[in-house]
Amino acid sequence: MDWGQILSNSASFIIAPATIAYALAAVGLSVQFGYAGLLNMGIAGFMALGAYGYAISSITFGLPWYLCIVVAIAASVVYALILGIPTLRLRGDYLAIVTIAGAEVLRLLFLTSSFDQYTGSADGLTGYQGSFRDSNPFPRGSYGFGPWTMNENQAWVTVIGLVLLAIAVTIVFLLMRSPWGRVLKGIREDEDAVRALGKNVFAFKMQALVLGGIFGALGGVIYALPSSVNPGSYVTSLTFFVYTALLLGGAATIFGPVLGSVVFWVLQTFLGNVLPALAGIGILPVSSSQASTLRFILVGVALMLIVIFRPQGILGNKKELTFVK
Amino acid sequence: MSSPGLISTRPRTMRLLAIFGFALAAIAFFSTAPAAHADEVGLEDNPFRVSGNVQFNGDPLEDVKLTVEGGGYKAEVETDAEGQWRVGVPEKAEYKVTLDESTLPDGVAVVEGSNEQTVEVGPGGRVTTNFFIGKGERNVTPFIDQLVERLVSGLNFGLMLGLAAVGLSLVFGTTGLSNFAHAEMVTFGAVIAWFFSAALGLPLWLGITLALVLSGVFGFLMDAGIWRPLRKRGLGTVQLMIVSIGLSLALRYVFQFFIGGGTRQLPGSNSPEIQLFGSVSLTVIDLVSMGISIVVIAALAFFLLFTRIGKATRAISDNPSLAAASGINVDRVVRIVWILATALAGLAGVLYAYYRPGLKWDMGAQILLLVFAAVTLGGLGTAFGALVGAIIVGILVEISSLWIPADLKYVGALVVLILILLFRPQGILGRRERIG
């Protein structure tokens, strides 16, 4: 059992594209769920729109990479409006069921063979990185050190991802100390009181849904950029994993989503390496595939324990976050 | 005709014979003569050739009409006794080959791809194309038969969904919990039934009974171990919902841990088909499954309407505080509701394992949203509404696959779920104050 390799693999996920993608999506969720109290259970749908929006505009329409990102954002804005106009008046758990159903509808539409020539149906899409890699300013070679060694393409994805994440976190930080952010938190705590003060609650909720959706779509783009888009990635489990990351770090905090995603992925990778290794040398009396299933069981248990015992997360303030009733 | 006298004396007979002979020759000329050549059309006049072979299960199909079309050229051809056809074409270009499905024998159709194929005559000047012919449902079965078949199948699916939906609805009504882990109760029933009857080899009836009993025990343990303590802690509905999501994830992967990622079959999943009428047929399992669903649902209706506990359950669904104030032991009723709900979900799981067919670690999650759709459609918290909703959703899913691709059939139900929540959030049988 190679502890050095396992620790190095785990450490590499501190800044891996998947981690950055989860962090972006979790920042989006923190705006929607943490600050505005909108129980959006369909963040996987926004991520799928981001990923497919990018890949389809690159493959089918041959757009350059920055325009592909714009298309991904536009798709998520349109989806947020379509979803939000009718649903934002619904109670928390109703909104959850509608958003989860919306995300599943999107996934099934991407999965069906009816649109195979655009979506690649069950095989997903690959080979849309050309324009992005052509714009890579890093010359061919190896960058970083230790566990964070990567080739020029990985480095370019990581840099773009970190820049987008930094922009997202800054926007949320500035917004949440502005009057706009205070109204949003007010809606979460007591919607009727805010309405009584003359604020257009619906408009604020819609803005939060759209903003969070954009971050979710950007997360989807970064999730897809390193390799491929596969409809099997955007299942409801993805939403639940992002929620776990978010609640772990702290739903109504600025850095909570980022910290939560890092902890989530580092722990996932660590367990995904350690448990099969332990099974391999006979310490765990299970097969290696069973051992790698164990970590997902632990995710579910962790999600339950966080919500029950520390609903404010690692960084949160217990007084601030009340789950919407 | 040896004597000339015969000719003169019986001219009418001769005339009749002559007409008969001419008719025979005409029939021979118009039917057999062209058929003898129609499997090879235009081979002499054109340098290039498109050909093919039409077979069903290895047997050649004769007299199937095909059309070859492209570049302003069109030829019709019929297959010969070996199922073969050849058409000469003037250019090396793309041609569209269309098989006339009405000339296929009854009960078979083009199954893979469509009855149109595009072929390109390449450098060799010759191209062969084949159609995949199989037992056809699409174009040969009369529409009304398809409709009836879908209706019956949808009713079966809907009744099965109903078993799961009633439990979910009862739990929601009495505790306010949108239980995402209900999907895993469905899987649990199927897994336990499989474990006892397939893995351990016990009789099927015993395996299913044990599955129902253990599902109920599981529900009791969950209520005692998780949900009652959490209610006592005063967690909000959204927090409880997220806890149920965590539980759902954990249980789902526990199932994968034990039975792996593949599909497993319950015993007796290949049951004989019974012909009903026309081309509509049902398997014995379908019939038994529908029978069980109807009996269980009737028993449940009796329980809810006429027993003390059933009445108490409905009272708590209506107004928990008032029910508690009038002396109903809410905790006890909730415990019974949990046992009932999980046992029903377990039964739904066994039936779903036969309907799919096969059981899988995430089979419950596949229908969870349909169950939610059923519950919402009928009105959250109303048991009978959930039943009506489930049957509507089941039939809708099956009927819609007549027009939309089969891999999109759940989309229709989910869109209905969204629309119902938007325009009538209280559902069909729900009351206005439950509005979301």
# chains A, B, ... in the order shown; residues from 1 in each chain; ligands from 1
>>> select_by_dssp(residues="region 31-100 of chain B", states="helix (DSSP H, G or I)", output="PDB file with N, CA and C atoms, in the first residue's frame")
ATOM      1  N   SER B  31     -49.622 -11.835 -64.327  1.00  0.00           N
ATOM      2  CA  SER B  31     -49.104 -12.094 -62.979  1.00  0.00           C
ATOM      3  C   SER B  31     -47.728 -12.746 -62.999  1.00  0.00           C
ATOM      4  N   THR B  32     -47.665 -13.971 -63.563  1.00  0.00           N
ATOM      5  CA  THR B  32     -46.397 -14.687 -63.420  1.00  0.00           C
ATOM      6  C   THR B  32     -45.319 -14.140 -64.339  1.00  0.00           C
ATOM      7  N   ALA B  33     -45.701 -13.697 -65.514  1.00  0.00           N
ATOM      8  CA  ALA B  33     -44.662 -13.298 -66.456  1.00  0.00           C
ATOM      9  C   ALA B  33     -43.830 -12.108 -65.946  1.00  0.00           C
ATOM     10  N   PRO B  34     -44.432 -11.007 -65.454  1.00  0.00           N
ATOM     11  CA  PRO B  34     -43.604  -9.906 -64.961  1.00  0.00           C
ATOM     12  C   PRO B  34     -42.850 -10.316 -63.703  1.00  0.00           C
ATOM     13  N   ALA B  35     -43.476 -11.162 -62.869  1.00  0.00           N
ATOM     14  CA  ALA B  35     -42.837 -11.548 -61.620  1.00  0.00           C
ATOM     15  C   ALA B  35     -41.541 -12.289 -61.894  1.00  0.00           C
ATOM     16  N   ALA B  36     -41.516 -13.027 -62.983  1.00  0.00           N
ATOM     17  CA  ALA B  36     -40.324 -13.790 -63.284  1.00  0.00           C
ATOM     18  C   ALA B  36     -39.133 -12.880 -63.552  1.00  0.00           C
ATOM     19  N   HIS B  37     -39.405 -11.639 -63.950  1.00  0.00           N
ATOM     20  CA  HIS B  37     -38.297 -10.753 -64.299  1.00  0.00           C
ATOM     21  C   HIS B  37     -38.154  -9.584 -63.334  1.00  0.00           C
ATOM     22  N   ALA B  38     -39.196  -9.319 -62.517  1.00  0.00           N
ATOM     23  CA  ALA B  38     -39.204  -8.073 -61.765  1.00  0.00           C
ATOM     24  C   ALA B  38     -38.172  -8.046 -60.643  1.00  0.00           C
TER      25      ALA B  38
END
>>> interface_residues(of="chain B", to="chain A", cutoff="7 Å", atoms="only C-alpha atoms", output="number ranges by chain")
B: 236-239, 243, 246-247, 249-250, 253-254, 257, 369, 407-408, 411, 414, 418, 422, 436
>>> closest_atom_pairs(of="region 279-365 of chain B", to="region 182-199 of chain B", cutoff="12 Å", atoms="only C-alpha atoms", output="tab-separated table")
residue	atom	partner	partner_atom	distance
B:Trp338	CA	B:His182	CA	10.5
B:Ile339	CA	B:Met185	CA	10.9
B:Leu340	CA	B:Met185	CA	11.5
B:Ala341	CA	B:His182	CA	8.7
B:Thr342	CA	B:Met185	CA	5.9
B:Ala343	CA	B:Gly189	CA	7.8
B:Leu344	CA	B:Val186	CA	8.4
B:Ala345	CA	B:Val186	CA	4.7
B:Gly346	CA	B:Gly189	CA	3.6
B:Leu347	CA	B:Gly189	CA	6.2
B:Ala348	CA	B:Val186	CA	6.1
B:Gly349	CA	B:Val186	CA	4.2
B:Val350	CA	B:Ala190	CA	4.4
B:Leu351	CA	B:Ala190	CA	8.0
B:Tyr352	CA	B:Ala190	CA	7.9
B:Ala353	CA	B:Ala190	CA	6.3
B:Tyr354	CA	B:Ala190	CA	9.3
B:Tyr355	CA	B:Ala190	CA	11.5
B:Arg356	CA	B:Ala190	CA	11.6
B:Pro357	CA	B:Ala190	CA	11.2
B:Gly358	CA	B:Ala190	CA	9.0
B:Leu359	CA	B:Ala190	CA	6.5
B:Lys360	CA	B:Thr187	CA	7.6
B:Trp361	CA	B:Thr187	CA	6.8
B:Asp362	CA	B:Thr187	CA	7.2
B:Met363	CA	B:Thr187	CA	6.1
B:Gly364	CA	B:Ala183	CA	4.3
B:Ala365	CA	B:Ala183	CA	5.2
>>> closest_residue(among="A:Gly280, A:Pro257, A:Gly28, A:Pro137", to="Gly42 (chain A)", atoms="only C-alpha atoms")
A:Gly28
>>> residues_around(residues="region 173-176 of chain B", least_positions_apart="4", cutoff="7 Å", atoms="only C-alpha atoms", output="list in words")
Ser169, Thr237, Ile316, Ser317, Val334, Gly381 and Thr382 of chain B
>>> write_last_selection(atoms="N, CA and C atoms", output="PDB file, in the first residue's frame")
ATOM      1  N   SER B 169     -47.460   9.321   0.156  1.00  0.00           N
ATOM      2  CA  SER B 169     -48.464  10.327   0.452  1.00  0.00           C
ATOM      3  C   SER B 169     -48.903  10.262   1.914  1.00  0.00           C
ATOM      4  N   THR B 237     -39.136  21.131   7.776  1.00  0.00           N
ATOM      5  CA  THR B 237     -39.431  20.183   6.705  1.00  0.00           C
ATOM      6  C   THR B 237     -38.295  20.101   5.690  1.00  0.00           C
ATOM      7  N   ILE B 316     -55.119  12.855  11.174  1.00  0.00           N
ATOM      8  CA  ILE B 316     -53.822  13.516  11.348  1.00  0.00           C
ATOM      9  C   ILE B 316     -53.407  14.212  10.057  1.00  0.00           C
ATOM     10  N   SER B 317     -53.687  13.564   8.908  1.00  0.00           N
ATOM     11  CA  SER B 317     -53.370  14.209   7.640  1.00  0.00           C
ATOM     12  C   SER B 317     -54.106  15.534   7.502  1.00  0.00           C
ATOM     13  N   VAL B 334     -48.309   7.445  13.492  1.00  0.00           N
ATOM     14  CA  VAL B 334     -47.220   7.687  12.552  1.00  0.00           C
ATOM     15  C   VAL B 334     -46.368   6.428  12.397  1.00  0.00           C
ATOM     16  N   GLY B 381     -50.542  14.381   0.273  1.00  0.00           N
ATOM     17  CA  GLY B 381     -51.134  14.046   1.549  1.00  0.00           C
ATOM     18  C   GLY B 381     -52.481  13.373   1.471  1.00  0.00           C
ATOM     19  N   THR B 382     -53.062  13.248   0.279  1.00  0.00           N
ATOM     20  CA  THR B 382     -54.324  12.526   0.188  1.00  0.00           C
ATOM     21  C   THR B 382     -54.064  11.154  -0.417  1.00  0.00           C
TER      22      THR B 382
END
>>> closest_residue(among="A:Tyr35, A:Trp148, A:Tyr22, A:Trp3", to="Trp265 (chain A)", atoms="only C-alpha atoms")
A:Tyr22
>>> residues_around(residues="Asp39 (chain B)", least_positions_apart="5", cutoff="7 Å", atoms="only C-alpha atoms", output="PyMOL selection string")
chain B and resi 77-80+84-86
>>> write_last_selection(atoms="N, CA and C atoms", output="compact mmCIF listing (two decimals), in the first residue's frame")
# COMPACT_ATOMS: atom_id res chain seq x y z
N VAL B 77 -39.05 -2.81 -57.88
CA VAL B 77 -38.58 -4.18 -57.98
C VAL B 77 -39.27 -5.02 -56.92
N GLU B 78 -39.40 -6.31 -57.21
CA GLU B 78 -39.95 -7.22 -56.20
C GLU B 78 -38.95 -8.31 -55.94
N THR B 79 -38.96 -8.83 -54.71
CA THR B 79 -38.00 -9.88 -54.38
C THR B 79 -38.45 -11.19 -55.01
N ASP B 80 -37.49 -12.06 -55.35
CA ASP B 80 -37.81 -13.36 -55.92
C ASP B 80 -37.95 -14.40 -54.80
N GLN B 84 -34.26 -12.25 -53.08
CA GLN B 84 -33.23 -11.36 -53.63
C GLN B 84 -33.81 -10.40 -54.65
N TRP B 85 -33.15 -9.27 -54.81
CA TRP B 85 -33.54 -8.31 -55.85
C TRP B 85 -32.31 -7.59 -56.36
N ARG B 86 -32.36 -7.16 -57.64
CA ARG B 86 -31.24 -6.44 -58.25
C ARG B 86 -31.79 -5.34 -59.13
>>> residues_around(residues="Leu38 (chain A)", least_positions_apart="4", cutoff="8 Å", atoms="only C-alpha atoms", output="list of chain:residue names")
A:Gln32, A:Phe33, A:Gly34, A:Gly92, A:Leu95, A:Arg188, A:Lys205, A:Leu209
>>> closest_residue(among="B:Val68, B:Tyr73, B:Leu104, B:Pro47", to="Arg126 (chain B)", atoms="only C-alpha atoms")
B:Pro47
>>> closest_atom_pairs(of="region 214-282 of chain A", to="region 173-179 of chain A", cutoff="10 Å", atoms="only C-alpha atoms", output="tab-separated table")
residue	atom	partner	partner_atom	distance
A:Ala252	CA	A:Met176	CA	9.8
A:Thr253	CA	A:Phe173	CA	8.9
A:Ile254	CA	A:Phe173	CA	6.1
A:Phe255	CA	A:Phe173	CA	9.0
>>> closest_residue(among="B:Ser178, B:Glu82, B:Gly154, B:Glu94", to="Ser244 (chain B)", atoms="only C-alpha atoms")
B:Ser178
>>> residues_around(residues="region 146-152 of chain B", least_positions_apart="5", cutoff="7 Å", atoms="only C-alpha atoms", output="MDAnalysis selection string")
chainID B and resid 141 280 395 398:399
>>> closest_residue(among="B:Gly201, B:Gly412, B:Gly162, B:Gly125", to="Val371 (chain B)", atoms="only C-alpha atoms")
B:Gly162
>>> atom_distance(atom1="CA of Ser102 (chain B)", atom2="CA of Val89 (chain B)")
24.8 Å
>>> closest_residue(among="B:Asn156, B:Asn270, B:Ser321, B:Gln366", to="Asp286 (chain B)", atoms="only C-alpha atoms")
B:Asn156
